[in-house]
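Peer 1: The following block contains the structure, expressed as structure tokens.
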Amino acid sequence: MSSTLLLARSATELVSTPFGALLTALAALVGFLCWLGFYPLRRWRYRHFPGPVGLPFFGNLPQIAAMDTTRYLSYVSQKYGPVCKVWFGTRPWLVISDPDLVRKLSAQCTARAKELTSYLSVLTGEVREIEAASAFYAHGETWRRGRRAFEASIVHPTRLAGHLPVIRRVLGRFVPSLARYTTASATSGQPPLDAQKAVGDLMLAITGELAYGVDFEVDFEAEGAPQGGCPEDASKQAAGGRVGAHLARISREVFTVIQLENASAYLALQLMFPSLAPAIRWLADLLPDANQRRCMGVNSDLAAVSRQLMTQGVSAKQQRDRAAAGEAVANGFKADEATNGKAVNAIRAFRELGSEIAASSFMAGMLEDRKGAGAQDRLSDKEVIAQSSTFILASYETSSTTTSLALLLLATHPEAQRALLAEVDATEGREIDMELLAELPYTEAVIKETMRLYPPVNVLHRHAKGDIKLPDGRVVPDGTFLALSSYNLHHDPALWPEPERFVPERFLTGPGGGGGPTHPAAWSGFGLGARMCVGHKLASMIGKATLLSLFRRYTFSVAPHQPVPPPMATGLTFGPKGGVWLNVHAR
Ligand code: HEM
Ligand SMILES: *[C@@H]1O[C@H](CO)[C@@H](O)[C@H](O)[C@H]1NC(C)=O
């Protein structure tokens, strides 16, 4: 006790001399920098996991940037084994490519890596709260509420079927618009179609209208640059009432600002110094750079338009219900006729407001469902805003990548295209309904095989819950960032013979079929466990309806300058780089 006191006193004396104070400050600074940049303790805790050496502060980020995340994670697991470590800045990620472990960990860990958003943005204030409430990132009760909202709208069969009319209507506009690309002969000189862009427009139109219940007014005939641009005049547009077109512009802008190339300098700082994140965000708020301003601006804009739609949705619905009730009573309508009356009124209200949200939409469903909900289950306004934008964010790029690459793979595999055409032709004359969509095994196999080769979301992020003992005795420390690599499993020759070949028959059951995955974690295009994609039924419905509608009218071949296999890049998702160029042929 007394020796400790003595030590403390001499230390105090040393610090009180000028030289001593300087020395102490220097030591503290060096210690602080070491702690920031090297994390000696953390390195020690993860010493049992092999992996590439990381630079101080940056870790393996330079290699990841140079090589592309997907390719890098595939490379390191081939070099260092199915459980290895990569430094994302100063944070280690355990990359898991062993099927049994992926299955076990995806079942055991139901939270995404905490602070996953810190890899994507430096949002501050309200828009940060909204981002954190997204069903994709949230934890605990907020996640449960958000996930339930998605389930109510896109898992529950009758509500899911309720989205089909929008899908059919948008496809009805989209499919004829491709006629201008059709080549009667190889020499007619038509420019090829960029399927990545065209299908992207289609998916934005579909998912946007499903999410918000307003027509996104995407112009499929437009040539060249996508419509909409300046976010500055966006609020004027909204005031003019064309909310859908405005939302389409904002959504495209959200996808642009989220790309690494357009990231704020504060995001890089946050990656290097995660422990200083609160200070970095404070600075970003105080002295935003241009990219930070842009990112904050578009997110605030989106929140504002969402609020406007919510308010209009609620008040218009009240008016409509009152009017419908009044009319029904006055005319002595029977129950189902009253419902008809409501529908007529809904259409009238929609026309009058010009921007009221359709009752079948995700947003309208959330507003309706939260009325009857108990306090614990009631979505806050911020949560409604968050889930609506998550709807587009989670489905737009993923769906366009899958469908445009399916078209490319079919174009480069004529025998598969013939098999698909046979299935399509057997449905001739039938309207696309839920029953028909359930009868397309080959189309479904094409989509699954496309997602096996090119999974748009190819790492499942999890947060290790408690210390986890691996079968070989090593311990994964509590809170570890787990990167369960779907991509690596999808390309593992032990799970998929000749993994680089496109063979839809792998997913067919019955004679000649491969019978599907041989391990429960061999295919995880939609993820695994409690955090599996909540939109997989809708995604498959949209994918199948799109392929069916397209192949009823066209066939596709690859354009001469399209590289095969297509160059890919990992941004927010894993997708084709530089377009997917196809020739379109009328049938
Ligand atoms: C082909 C299209 C799609 C692909 C490839 C895809 C893929 C994925 C994957 C891999 C995950 C992570 C799963 C995990 O961590 O285990 C995910 C999560 C999610 N997806 Fe999808 N998705 C697609 C379409 C959609 C659609 C259409 C929606 C909704 C409109 C949607 C909404 C979500 C949501 C909300 C989550 C987070 C779920 C949670 O954390 O509980 N996705 N998706
Ligand atoms: C970054 O922003 C610019 C300007 O809006 C845009 O043209 C570019 O496509 C963006 N980059 C990416 C990768 O989206």
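To be explicit about the labels: the chains of the structure tokens are called A, B, and onward in the order shown, and within each one the residues are counted from 1, while ligands get numbers from 1 in the order they are shown.
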Using only C-alpha atoms, determine which residues lie at most 10 Å from Val475 of chain A, disregarding the query and same-chain residues fewer than 3 positions distant; provide the list as a PyMOL selection string.

Peer 2: chain A and resi 45-46+48-49+467-472+478

Peer 1: Within 7 Å of ligand 2, which residues show up when you count only C-alpha atoms and all ligand atoms? List them as a ChimeraX atom specification, please.

Peer 2: /A:255-257,259-262

Peer 1: Collect all residues with atoms no farther than 7 Å from ligand 1, counting only C-alpha atoms and all ligand atoms, and output them as number ranges by chain.

Peer 2: A: 135-137, 143, 147, 150, 207, 390-392, 394-395, 398-399, 402, 451, 455-458, 460-461, 524-536, 538-540

Peer 1: Deliver the residues from the most recent selection as a file, using C-alpha atoms, as a PDB file, in the first residue's frame.

Peer 2:
ATOM      1  CA  ALA A 135     -34.322  -3.898 -40.794  1.00  0.00           C
ATOM      2  CA  PHE A 136     -31.031  -4.673 -42.488  1.00  0.00           C
ATOM      3  CA  TYR A 137     -28.854  -3.076 -39.804  1.00  0.00           C
ATOM      4  CA  TRP A 143     -35.062  -5.270 -36.030  1.00  0.00           C
ATOM      5  CA  ARG A 147     -38.654  -7.537 -40.140  1.00  0.00           C
ATOM      6  CA  PHE A 150     -41.590  -6.760 -44.324  1.00  0.00           C
ATOM      7  CA  THR A 207     -39.608  -1.810 -56.404  1.00  0.00           C
ATOM      8  CA  THR A 390     -34.548  -0.266 -47.252  1.00  0.00           C
ATOM      9  CA  PHE A 391     -37.113  -1.898 -49.527  1.00  0.00           C
ATOM     10  CA  ILE A 392     -35.575  -0.224 -52.566  1.00  0.00           C
ATOM     11  CA  ALA A 394     -32.231  -4.116 -50.683  1.00  0.00           C
ATOM     12  CA  SER A 395     -34.012  -5.018 -53.884  1.00  0.00           C
ATOM     13  CA  THR A 398     -29.726  -7.153 -56.276  1.00  0.00           C
ATOM     14  CA  SER A 399     -32.673  -7.816 -58.588  1.00  0.00           C
ATOM     15  CA  THR A 402     -29.523 -11.162 -61.048  1.00  0.00           C
ATOM     16  CA  MET A 451     -27.111 -16.304 -58.141  1.00  0.00           C
ATOM     17  CA  PRO A 455     -24.359 -13.746 -55.675  1.00  0.00           C
ATOM     18  CA  PRO A 456     -25.121  -9.996 -55.461  1.00  0.00           C
ATOM     19  CA  VAL A 457     -24.765 -10.064 -51.663  1.00  0.00           C
ATOM     20  CA  ASN A 458     -21.985 -12.544 -51.221  1.00  0.00           C
ATOM     21  CA  LEU A 460     -23.257 -12.679 -44.697  1.00  0.00           C
ATOM     22  CA  HIS A 461     -22.224 -10.325 -41.922  1.00  0.00           C
ATOM     23  CA  SER A 524     -26.991 -19.108 -49.757  1.00  0.00           C
ATOM     24  CA  GLY A 525     -27.897 -16.567 -52.412  1.00  0.00           C
ATOM     25  CA  PHE A 526     -30.515 -15.188 -50.030  1.00  0.00           C
ATOM     26  CA  GLY A 527     -28.516 -15.801 -46.872  1.00  0.00           C
ATOM     27  CA  LEU A 528     -29.145 -18.230 -44.031  1.00  0.00           C
ATOM     28  CA  GLY A 529     -30.898 -18.410 -40.684  1.00  0.00           C
ATOM     29  CA  ALA A 530     -32.977 -15.785 -38.917  1.00  0.00           C
ATOM     30  CA  ARG A 531     -31.373 -12.979 -40.937  1.00  0.00           C
ATOM     31  CA  MET A 532     -32.030 -14.560 -44.286  1.00  0.00           C
ATOM     32  CA  CYS A 533     -33.395 -12.222 -46.954  1.00  0.00           C
ATOM     33  CA  VAL A 534     -36.982 -11.407 -46.066  1.00  0.00           C
ATOM     34  CA  GLY A 535     -37.659 -10.478 -49.685  1.00  0.00           C
ATOM     35  CA  HIS A 536     -36.712 -13.762 -51.339  1.00  0.00           C
ATOM     36  CA  LEU A 538     -40.865 -11.247 -53.885  1.00  0.00           C
ATOM     37  CA  ALA A 539     -37.454 -11.317 -55.563  1.00  0.00           C
ATOM     38  CA  SER A 540     -38.188 -14.672 -57.130  1.00  0.00           C
TER      39      SER A 540
END

Peer 1: So which residues of segment 63-180 of chain A fall under helix (DSSP H, G or I) by DSSP, listed as a VMD selection string?

Peer 2: chain A and resid 63 to 67 69 to 80 99 to 108 116 to 119 125 to 133 140 to 154 157 to 161 164 to 180

Peer 1: So that I can check the surroundings of Val218 of chain A, please list as a list in words every protein, DNA and RNA residue that reaches within 9 Å of it, counting only C-alpha atoms and ignoring chain neighbours fewer than 5 positions away.

Peer 2: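 Non-adjacent residues within range: Asp201, Leu202, Leu204, Ala205, Gln227, Gly244, Ala245 and Ala248 of chain A.
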
Peer 1: Taking 4 positions as the minimum chain separation for residues in the same chain, which residues sit within 12 Å of Gln270 of chain A when counting only C-alpha atoms? Answer as a PyMOL selection string.

Peer 2: chain A and resi 36+57-58+88-91+115-123+263-266+274-284
